[in-house]
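Visitor: My structure is in my_file-v9.txt, and what it holds is compact mmCIF, C-alpha atoms and all ligand atoms:
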```
# COMPACT_ATOMS: atom_id res chain seq x y z
CA MET M 30 -61.73 -35.57 17.72
CA ALA M 31 -59.24 -38.12 18.99
CA VAL M 32 -59.33 -41.42 17.17
CA ARG M 33 -56.59 -43.97 17.21
CA PRO M 34 -56.01 -47.67 16.82
CA SER M 35 -55.44 -49.45 20.11
CA ARG M 36 -52.20 -51.41 19.98
CA PRO M 37 -51.39 -54.13 22.51
CA SER M 38 -49.19 -51.75 24.50
CA GLY M 39 -51.93 -49.14 24.82
CA GLN M 40 -54.53 -48.79 27.51
CA PRO M 41 -58.27 -48.66 26.95
CA GLN M 42 -59.83 -45.32 27.65
CA SER M 43 -63.18 -46.73 28.60
CA SER M 44 -64.71 -49.89 29.94
CA LYS M 45 -67.37 -49.82 27.23
CA VAL M 46 -66.58 -52.07 24.32
CA SER M 47 -68.73 -52.38 21.22
CA GLN M 48 -68.09 -55.43 19.09
CA PHE M 49 -68.68 -55.49 15.36
CA LYS M 50 -68.24 -57.98 12.56
CA LEU M 51 -66.44 -56.54 9.53
CA VAL M 52 -65.82 -58.29 6.22
CA LEU M 53 -63.20 -57.51 3.58
CA LEU M 54 -64.22 -58.18 -0.01
CA GLY M 55 -62.61 -57.59 -3.38
CA GLU M 56 -60.86 -59.19 -6.33
CA THR M 57 -57.82 -61.34 -5.70
CA SER M 58 -54.51 -59.46 -5.23
CA VAL M 59 -56.04 -56.06 -4.54
CA GLY M 60 -54.39 -56.08 -1.11
CA LYS M 61 -57.09 -57.09 1.39
CA SER M 62 -54.77 -59.21 3.52
CA SER M 63 -52.03 -56.62 3.20
CA LEU M 64 -54.33 -53.89 4.50
CA LEU M 65 -55.15 -56.07 7.49
CA LEU M 66 -51.54 -56.96 8.17
CA GLN M 67 -50.74 -53.25 8.15
CA PHE M 68 -53.72 -52.39 10.35
CA VAL M 69 -53.17 -55.12 12.93
CA LYS M 70 -49.40 -55.50 12.98
CA GLY M 71 -48.04 -52.42 11.23
CA GLN M 72 -46.27 -54.69 8.75
CA TYR M 73 -46.14 -55.11 4.99
CA GLN M 74 -44.92 -57.99 2.82
CA ASP M 75 -44.13 -57.67 -0.86
CA PHE M 76 -45.01 -61.29 -1.56
CA GLY M 77 -47.83 -62.40 0.67
CA GLU M 78 -49.74 -65.57 -0.11
CA SER M 79 -53.19 -65.47 -1.64
CA THR M 80 -55.85 -66.20 0.97
CA ILE M 81 -57.43 -69.63 0.97
CA GLY M 82 -61.05 -69.70 2.16
CA ALA M 83 -60.88 -66.85 4.63
CA ALA M 84 -58.83 -65.57 7.55
CA PHE M 85 -60.19 -64.26 10.82
CA LEU M 86 -58.65 -61.78 13.21
CA THR M 87 -59.64 -59.15 15.69
CA GLN M 88 -58.43 -55.66 16.43
CA MET M 89 -59.44 -52.95 18.86
CA VAL M 90 -59.68 -49.26 18.09
CA SER M 91 -60.66 -46.40 20.32
CA VAL M 92 -62.86 -43.55 19.20
CA ASP M 93 -62.85 -40.85 21.83
CA SER M 94 -63.99 -42.67 24.96
CA ALA M 95 -65.51 -45.64 23.14
CA MET M 96 -63.67 -48.86 22.42
CA VAL M 97 -64.58 -50.79 19.31
CA LYS M 98 -63.58 -54.39 18.78
CA PHE M 99 -63.55 -55.43 15.14
CA GLU M 100 -64.02 -59.10 14.35
CA ILE M 101 -62.65 -59.20 10.84
CA TRP M 102 -63.19 -61.78 8.12
CA ASP M 103 -60.60 -61.44 5.37
CA THR M 104 -62.16 -63.26 2.44
CA ALA M 105 -60.39 -64.91 -0.47
CA GLY M 106 -60.77 -62.94 -3.69
CA GLN M 107 -60.22 -65.80 -6.09
CA GLU M 108 -63.36 -66.49 -8.11
CA ARG M 109 -63.65 -70.09 -6.89
CA TYR M 110 -64.35 -68.78 -3.37
CA HIS M 111 -67.08 -66.34 -4.43
CA SER M 112 -69.91 -68.62 -3.35
CA LEU M 113 -68.58 -68.61 0.23
CA ALA M 114 -68.79 -64.84 0.55
CA PRO M 115 -72.39 -64.58 1.81
CA MET M 116 -71.43 -66.58 4.87
CA TYR M 117 -68.98 -63.85 5.77
CA TYR M 118 -70.99 -60.75 4.93
CA ARG M 119 -74.32 -61.92 6.33
CA GLY M 120 -74.69 -60.51 9.80
CA ALA M 121 -71.73 -58.19 9.32
CA GLN M 122 -72.19 -54.61 10.46
CA ALA M 123 -69.40 -53.29 8.23
CA ALA M 124 -67.65 -54.13 4.99
CA ILE M 125 -64.57 -52.84 3.22
CA VAL M 126 -64.70 -53.39 -0.54
CA VAL M 127 -61.21 -53.08 -1.95
CA TYR M 128 -59.98 -52.43 -5.46
CA ASP M 129 -56.53 -51.80 -6.89
CA ILE M 130 -56.14 -48.32 -8.41
CA THR M 131 -53.79 -49.77 -11.04
CA ASN M 132 -56.38 -52.25 -12.34
CA THR M 133 -59.75 -51.18 -13.73
CA GLU M 134 -61.11 -54.74 -13.67
CA THR M 135 -60.84 -54.73 -9.91
CA PHE M 136 -62.87 -51.50 -9.74
CA VAL M 137 -65.60 -53.13 -11.84
CA ARG M 138 -65.51 -56.11 -9.49
CA ALA M 139 -65.67 -53.83 -6.44
CA LYS M 140 -68.81 -52.20 -7.79
CA ALA M 141 -70.35 -55.66 -8.25
CA TRP M 142 -69.54 -56.45 -4.60
CA VAL M 143 -71.18 -53.22 -3.48
CA SER M 144 -74.32 -54.08 -5.48
CA GLU M 145 -74.38 -57.54 -3.96
CA LEU M 146 -74.05 -56.12 -0.46
CA GLN M 147 -76.79 -53.58 -1.11
CA LYS M 148 -79.13 -56.41 -2.16
CA GLN M 149 -78.12 -59.18 0.20
CA ALA M 150 -76.49 -57.75 3.30
CA SER M 151 -77.90 -55.91 6.30
CA THR M 152 -79.59 -52.66 5.24
CA ASN M 153 -77.71 -50.55 7.78
CA MET M 154 -74.30 -52.06 7.02
CA VAL M 155 -71.51 -49.47 6.93
CA ILE M 156 -69.75 -49.98 3.60
CA ALA M 157 -66.38 -48.48 2.78
CA LEU M 158 -64.72 -48.48 -0.63
CA ALA M 159 -60.92 -48.57 -0.59
CA GLY M 160 -58.80 -47.81 -3.65
CA ASN M 161 -55.60 -49.59 -2.60
CA LYS M 162 -52.02 -49.43 -3.95
CA ALA M 163 -52.19 -45.64 -3.99
CA ASP M 164 -48.39 -45.63 -3.62
CA TRP M 165 -48.22 -46.96 -7.17
CA SER M 166 -49.72 -43.92 -8.82
CA ALA M 167 -47.37 -44.17 -11.81
CA ASN M 168 -49.53 -47.12 -12.87
CA ARG M 169 -52.85 -45.56 -11.95
CA ALA M 170 -55.78 -46.82 -14.04
CA VAL M 171 -58.71 -45.71 -11.87
CA GLU M 172 -58.96 -41.98 -11.21
CA TYR M 173 -59.50 -40.81 -7.65
CA THR M 174 -62.63 -38.98 -8.76
CA ASP M 175 -64.09 -42.19 -10.23
CA GLY M 176 -63.83 -43.98 -6.90
CA GLN M 177 -64.97 -40.95 -4.95
CA GLY M 178 -67.91 -40.30 -7.29
CA TYR M 179 -69.12 -43.88 -7.19
CA ALA M 180 -68.84 -43.90 -3.40
CA ALA M 181 -70.75 -40.64 -3.07
CA ASP M 182 -73.52 -41.92 -5.34
CA ASN M 183 -73.86 -45.02 -3.18
CA SER M 184 -73.36 -43.44 0.26
CA LEU M 185 -70.11 -45.29 0.89
CA LEU M 186 -67.11 -44.19 2.85
CA PHE M 187 -64.21 -43.77 0.45
CA MET M 188 -60.45 -43.58 0.79
CA GLU M 189 -57.49 -44.38 -1.35
CA THR M 190 -55.08 -46.45 0.72
CA SER M 191 -51.68 -48.03 0.60
CA ALA M 192 -50.97 -51.15 2.58
CA LYS M 193 -47.34 -50.62 1.58
CA THR M 194 -46.86 -47.13 3.02
CA ALA M 195 -49.75 -47.41 5.54
CA MET M 196 -51.44 -44.39 3.97
CA ASN M 197 -55.03 -44.12 5.26
CA VAL M 198 -55.04 -47.68 6.61
CA ASN M 199 -55.81 -46.74 10.22
CA ASN M 200 -57.98 -43.86 9.04
CA LEU M 201 -60.17 -46.22 7.07
CA PHE M 202 -60.94 -48.47 10.02
CA LEU M 203 -61.34 -45.51 12.35
CA ALA M 204 -63.78 -43.82 9.98
CA ILE M 205 -65.84 -47.01 9.97
CA ALA M 206 -65.67 -47.25 13.77
CA LYS M 207 -66.95 -43.69 14.01
CA LYS M 208 -69.94 -44.50 11.81
CA LEU M 209 -70.99 -47.63 13.67
CA PRO M 210 -73.80 -47.29 16.21
CA LYS M 211 -71.80 -47.75 19.37
CA SER M 212 -74.85 -47.30 21.55
CA GLU M 213 -76.38 -50.44 20.06
CA PRO M 214 -73.59 -52.97 19.72
CA LEU M 215 -74.59 -56.50 18.90
CA GLY M 216 -71.99 -57.92 21.20
CA GLY M 217 -71.15 -55.16 23.67
CA VAL M 218 -69.33 -56.38 26.73
CA ALA M 219 -68.42 -54.66 29.95
CA GLY M 220 -64.93 -54.45 31.33
CA SER M 221 -61.63 -54.38 29.52
CA ALA M 222 -60.29 -57.79 30.44
CA GLY M 223 -59.98 -60.13 27.51
CA VAL M 224 -61.18 -57.72 24.89
CA ARG M 225 -57.89 -56.45 23.55
CA GLY M 226 -58.01 -58.40 20.34
CA GLY M 227 -57.92 -62.13 19.96
CA PRO M 228 -54.94 -64.38 19.64
CA PRO M 229 -52.43 -63.05 17.15
CA VAL M 230 -53.30 -64.12 13.64
CA ASP M 231 -50.51 -64.69 11.19
CA LEU M 232 -51.88 -63.53 7.87
CA ARG M 233 -49.23 -65.49 6.05
CA GLN M 234 -50.96 -68.63 7.32
CA PRO M 235 -54.60 -67.72 6.98
CA THR M 236 -57.18 -69.64 8.90
CA GLN M 237 -58.89 -71.98 6.50
CA THR M 238 -62.53 -72.21 7.29
CA SER M 239 -65.19 -74.49 6.03
CA PRO M 240 -68.81 -73.34 5.81
CA ALA M 241 -69.61 -75.24 8.99
CA GLN M 242 -66.85 -73.47 10.91
CA CYS M 243 -67.46 -70.06 9.59
CA CYS M 244 -70.29 -67.99 10.69
CA GLY M 245 -73.13 -69.86 12.18
CA ASN M 246 -75.68 -68.23 9.95
P1 LIG R 1 -56.45 -62.66 -2.14
O1 LIG R 1 -56.11 -63.19 -0.80
O2 LIG R 1 -56.01 -63.60 -3.25
O3 LIG R 1 -57.90 -62.30 -2.28
O4 LIG R 1 -55.59 -61.31 -2.37
P2 LIG R 1 -55.50 -60.03 -1.42
O5 LIG R 1 -56.52 -59.05 -1.84
O6 LIG R 1 -55.52 -60.45 0.02
O7 LIG R 1 -54.08 -59.42 -1.80
P3 LIG R 1 -52.73 -59.44 -0.97
O8 LIG R 1 -52.88 -58.64 0.27
O9 LIG R 1 -52.29 -60.84 -0.83
O10 LIG R 1 -51.77 -58.60 -1.94
C1 LIG R 1 -51.51 -59.02 -3.27
C2 LIG R 1 -50.22 -58.39 -3.75
O11 LIG R 1 -50.34 -56.98 -3.82
C3 LIG R 1 -49.02 -58.68 -2.84
O12 LIG R 1 -47.88 -58.93 -3.65
C4 LIG R 1 -48.85 -57.39 -2.07
O13 LIG R 1 -47.53 -57.21 -1.68
C5 LIG R 1 -49.31 -56.35 -3.08
N1 LIG R 1 -49.87 -55.18 -2.42
C6 LIG R 1 -50.84 -55.18 -1.48
N2 LIG R 1 -51.12 -53.94 -1.06
C7 LIG R 1 -50.30 -53.12 -1.76
C8 LIG R 1 -50.10 -51.70 -1.78
O14 LIG R 1 -50.74 -50.91 -1.06
N3 LIG R 1 -49.17 -51.22 -2.66
C9 LIG R 1 -48.45 -52.03 -3.47
N4 LIG R 1 -47.58 -51.46 -4.29
N5 LIG R 1 -48.59 -53.37 -3.48
C10 LIG R 1 -49.51 -53.90 -2.64
MG MG R 2 -55.79 -62.25 0.95
```
If you took the structure in this file and wrote it as structure tokens, what would it be?
Guide:
Amino acid sequence: MAVRPSRPSGQPQSSKVSQFKLVLLGETSVGKSSLLLQFVKGQYQDFGESTIGAAFLTQMVSVDSAMVKFEIWDTAGQERYHSLAPMYYRGAQAAIVVYDITNTETFVRAKAWVSELQKQASTNMVIALAGNKADWSANRAVEYTDGQGYAADNSLLFMETSAKTAMNVNNLFLAIAKKLPKSEPLGGVAGSAGVRGGPPVDLRQPTQTSPAQCCGN
């Protein structure tokens, strides 16, 4: 099955576009913004800035003949922003909960995010668990089987990723795109004009959003 991210130089393979809201959640410094920077721009920074509030960006992927437009909210992991999170995950069709494989606390926090989503978010939300910083296996603190086992028990997609080496970054988003119900998009639009991602978002200068600006729900 052919799945690939659609970069700005590519051409859509179909006029059908399904649009989905995706939210990234997880403890601060696990690499949420780095995963997005890698996914959207194919770049990595060793010293990115911690997200303030949230950042928003879009990216297209193609899954066989279907085009999927992700509208992505990259939330801030610092505890003081926790209360804002429901604004971003409510109404989202997909979530990526990220932890850092070198830090067990972040795995505990990821499990708490999954529980919160299971209680508060849409019942048919596609949830993926990502064990990031897999390139740093010398410092591994969370075993692959722990992440995989927890994900299996909770019907989550699971991958270990590396925003640094790009390992599994595209695969993660593509696996989510494949699971989303493309026949019933919330915001499906016809035609390819204007749907190839939004304006470029510089993740080093995240969009700061207030509750009023954020989600409309
Ligand atoms: P908040 O915005 O505070 O919630 O953090 P975040 O989850 O967005 O983390 P961010 O992407 O800012 O990354 C934090 C740090 O981890 C940065 O110094 C990154 O360079 C580093 N980092 C992110 N992903 C990886 C990875 O896959 N491997 C390694 N080795 N370092 C990573
Ligand atoms: Mg961030």
Visitor: If the limit is 6 Å from any atom of ligand MG 2 (chain R), counting all atoms listed in the file, which residues qualify? Return them as number ranges by chain.
Guide: M: 61-62, 79-80, 105
Visitor: Please produce a file of those selected residues containing C-alpha atoms, as a PDB file, in the frame of the given file.
Guide:
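Contents of result.pdb, freshly written:
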```pdb
ATOM      1  CA  LYS M  61     -57.090 -57.090   1.390  1.00  0.00           C
ATOM      2  CA  SER M  62     -54.770 -59.210   3.520  1.00  0.00           C
ATOM      3  CA  SER M  79     -53.190 -65.470  -1.640  1.00  0.00           C
ATOM      4  CA  THR M  80     -55.850 -66.200   0.970  1.00  0.00           C
ATOM      5  CA  ALA M 105     -60.390 -64.910  -0.470  1.00  0.00           C
TER       6      ALA M 105
END
```
Visitor: Using all atoms listed in the file, which residues have at least one atom no more than 6 Å from ligand LIG 1 (chain R)? Output them as a ChimeraX atom specification.
Guide: /M:56-63,74-80,105-107,161-162,164-165,191-193
Visitor: Save the residues we just selected, C-alpha atoms, as a PDB file, in the coordinates of the input?
Guide:
```
ATOM      1  CA  GLU M  56     -60.860 -59.190  -6.330  1.00  0.00           C
ATOM      2  CA  THR M  57     -57.820 -61.340  -5.700  1.00  0.00           C
ATOM      3  CA  SER M  58     -54.510 -59.460  -5.230  1.00  0.00           C
ATOM      4  CA  VAL M  59     -56.040 -56.060  -4.540  1.00  0.00           C
ATOM      5  CA  GLY M  60     -54.390 -56.080  -1.110  1.00  0.00           C
ATOM      6  CA  LYS M  61     -57.090 -57.090   1.390  1.00  0.00           C
ATOM      7  CA  SER M  62     -54.770 -59.210   3.520  1.00  0.00           C
ATOM      8  CA  SER M  63     -52.030 -56.620   3.200  1.00  0.00           C
ATOM      9  CA  GLN M  74     -44.920 -57.990   2.820  1.00  0.00           C
ATOM     10  CA  ASP M  75     -44.130 -57.670  -0.860  1.00  0.00           C
ATOM     11  CA  PHE M  76     -45.010 -61.290  -1.560  1.00  0.00           C
ATOM     12  CA  GLY M  77     -47.830 -62.400   0.670  1.00  0.00           C
ATOM     13  CA  GLU M  78     -49.740 -65.570  -0.110  1.00  0.00           C
ATOM     14  CA  SER M  79     -53.190 -65.470  -1.640  1.00  0.00           C
ATOM     15  CA  THR M  80     -55.850 -66.200   0.970  1.00  0.00           C
ATOM     16  CA  ALA M 105     -60.390 -64.910  -0.470  1.00  0.00           C
ATOM     17  CA  GLY M 106     -60.770 -62.940  -3.690  1.00  0.00           C
ATOM     18  CA  GLN M 107     -60.220 -65.800  -6.090  1.00  0.00           C
ATOM     19  CA  ASN M 161     -55.600 -49.590  -2.600  1.00  0.00           C
ATOM     20  CA  LYS M 162     -52.020 -49.430  -3.950  1.00  0.00           C
ATOM     21  CA  ASP M 164     -48.390 -45.630  -3.620  1.00  0.00           C
ATOM     22  CA  TRP M 165     -48.220 -46.960  -7.170  1.00  0.00           C
ATOM     23  CA  SER M 191     -51.680 -48.030   0.600  1.00  0.00           C
ATOM     24  CA  ALA M 192     -50.970 -51.150   2.580  1.00  0.00           C
ATOM     25  CA  LYS M 193     -47.340 -50.620   1.580  1.00  0.00           C
TER      26      LYS M 193
END
```
Visitor: Which polymer residues, protein or nucleic acid, are no farther than 9 Å from (-63.1, -58.3, 7.1), counting all atoms listed in the file, as a PyMOL selection string?
Guide: chain M and resi 50-54+61+65+84-86+99-104+117-118+121+123-125
Visitor: Limited to C-alpha atoms, could you put the picked residues into a file as a PDB file, keeping the file's coordinate frame?
Guide:
```
ATOM      1  CA  LYS M  50     -68.240 -57.980  12.560  1.00  0.00           C
ATOM      2  CA  LEU M  51     -66.440 -56.540   9.530  1.00  0.00           C
ATOM      3  CA  VAL M  52     -65.820 -58.290   6.220  1.00  0.00           C
ATOM      4  CA  LEU M  53     -63.200 -57.510   3.580  1.00  0.00           C
ATOM      5  CA  LEU M  54     -64.220 -58.180  -0.010  1.00  0.00           C
ATOM      6  CA  LYS M  61     -57.090 -57.090   1.390  1.00  0.00           C
ATOM      7  CA  LEU M  65     -55.150 -56.070   7.490  1.00  0.00           C
ATOM      8  CA  ALA M  84     -58.830 -65.570   7.550  1.00  0.00           C
ATOM      9  CA  PHE M  85     -60.190 -64.260  10.820  1.00  0.00           C
ATOM     10  CA  LEU M  86     -58.650 -61.780  13.210  1.00  0.00           C
ATOM     11  CA  PHE M  99     -63.550 -55.430  15.140  1.00  0.00           C
ATOM     12  CA  GLU M 100     -64.020 -59.100  14.350  1.00  0.00           C
ATOM     13  CA  ILE M 101     -62.650 -59.200  10.840  1.00  0.00           C
ATOM     14  CA  TRP M 102     -63.190 -61.780   8.120  1.00  0.00           C
ATOM     15  CA  ASP M 103     -60.600 -61.440   5.370  1.00  0.00           C
ATOM     16  CA  THR M 104     -62.160 -63.260   2.440  1.00  0.00           C
ATOM     17  CA  TYR M 117     -68.980 -63.850   5.770  1.00  0.00           C
ATOM     18  CA  TYR M 118     -70.990 -60.750   4.930  1.00  0.00           C
ATOM     19  CA  ALA M 121     -71.730 -58.190   9.320  1.00  0.00           C
ATOM     20  CA  ALA M 123     -69.400 -53.290   8.230  1.00  0.00           C
ATOM     21  CA  ALA M 124     -67.650 -54.130   4.990  1.00  0.00           C
ATOM     22  CA  ILE M 125     -64.570 -52.840   3.220  1.00  0.00           C
TER      23      ILE M 125
END
```
Visitor: From (-63.6, -50.6, 14.1), in the file's coordinates, out to 12 Å: which residues are reached, counting all atoms listed in the file? Answer as a PyMOL selection string.
Guide: chain M and resi 32-35+46-52+68-69+87-92+95-101+122-125+155+157+198-211+214+226
Visitor: Just give me the gap between atom CA of Pro115 of chain M and atom CA of Asp175 of chain M in Å, one decimal is fine.
Guide: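 Here the two named atoms are 26.7 Å from each other.
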Visitor: Compile the contact shell of Lys140 of chain M as a ChimeraX atom specification: residues with an atom at most 9 Å away, counting all atoms listed in the file, same-chain residues fewer than 5 positions apart removed.
Guide: /M:126,135,145,179
Visitor: State, in Å with one decimal place, the distance from atom CA of Leu64 of chain M to atom CA of Lys45 of chain M.
Guide: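 One can read the atom CA of Leu64 of chain M to atom CA of Lys45 of chain M distance as 26.5 Å.
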Visitor: What is the atom CA of Asn168 of chain M-atom CA of Trp142 of chain M distance in Å, reported with one decimal?
Guide: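 Distance between the two atoms: 23.6 Å.
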Visitor: Point out the residue among M:Asn197, M:Ala180, M:Leu66, M:Glu172 with the least atom-to-atom distance to Thr133 of chain M, counting all atoms listed in the file.
Guide: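 So, comparing all the options, the nearest one is M:Glu172.
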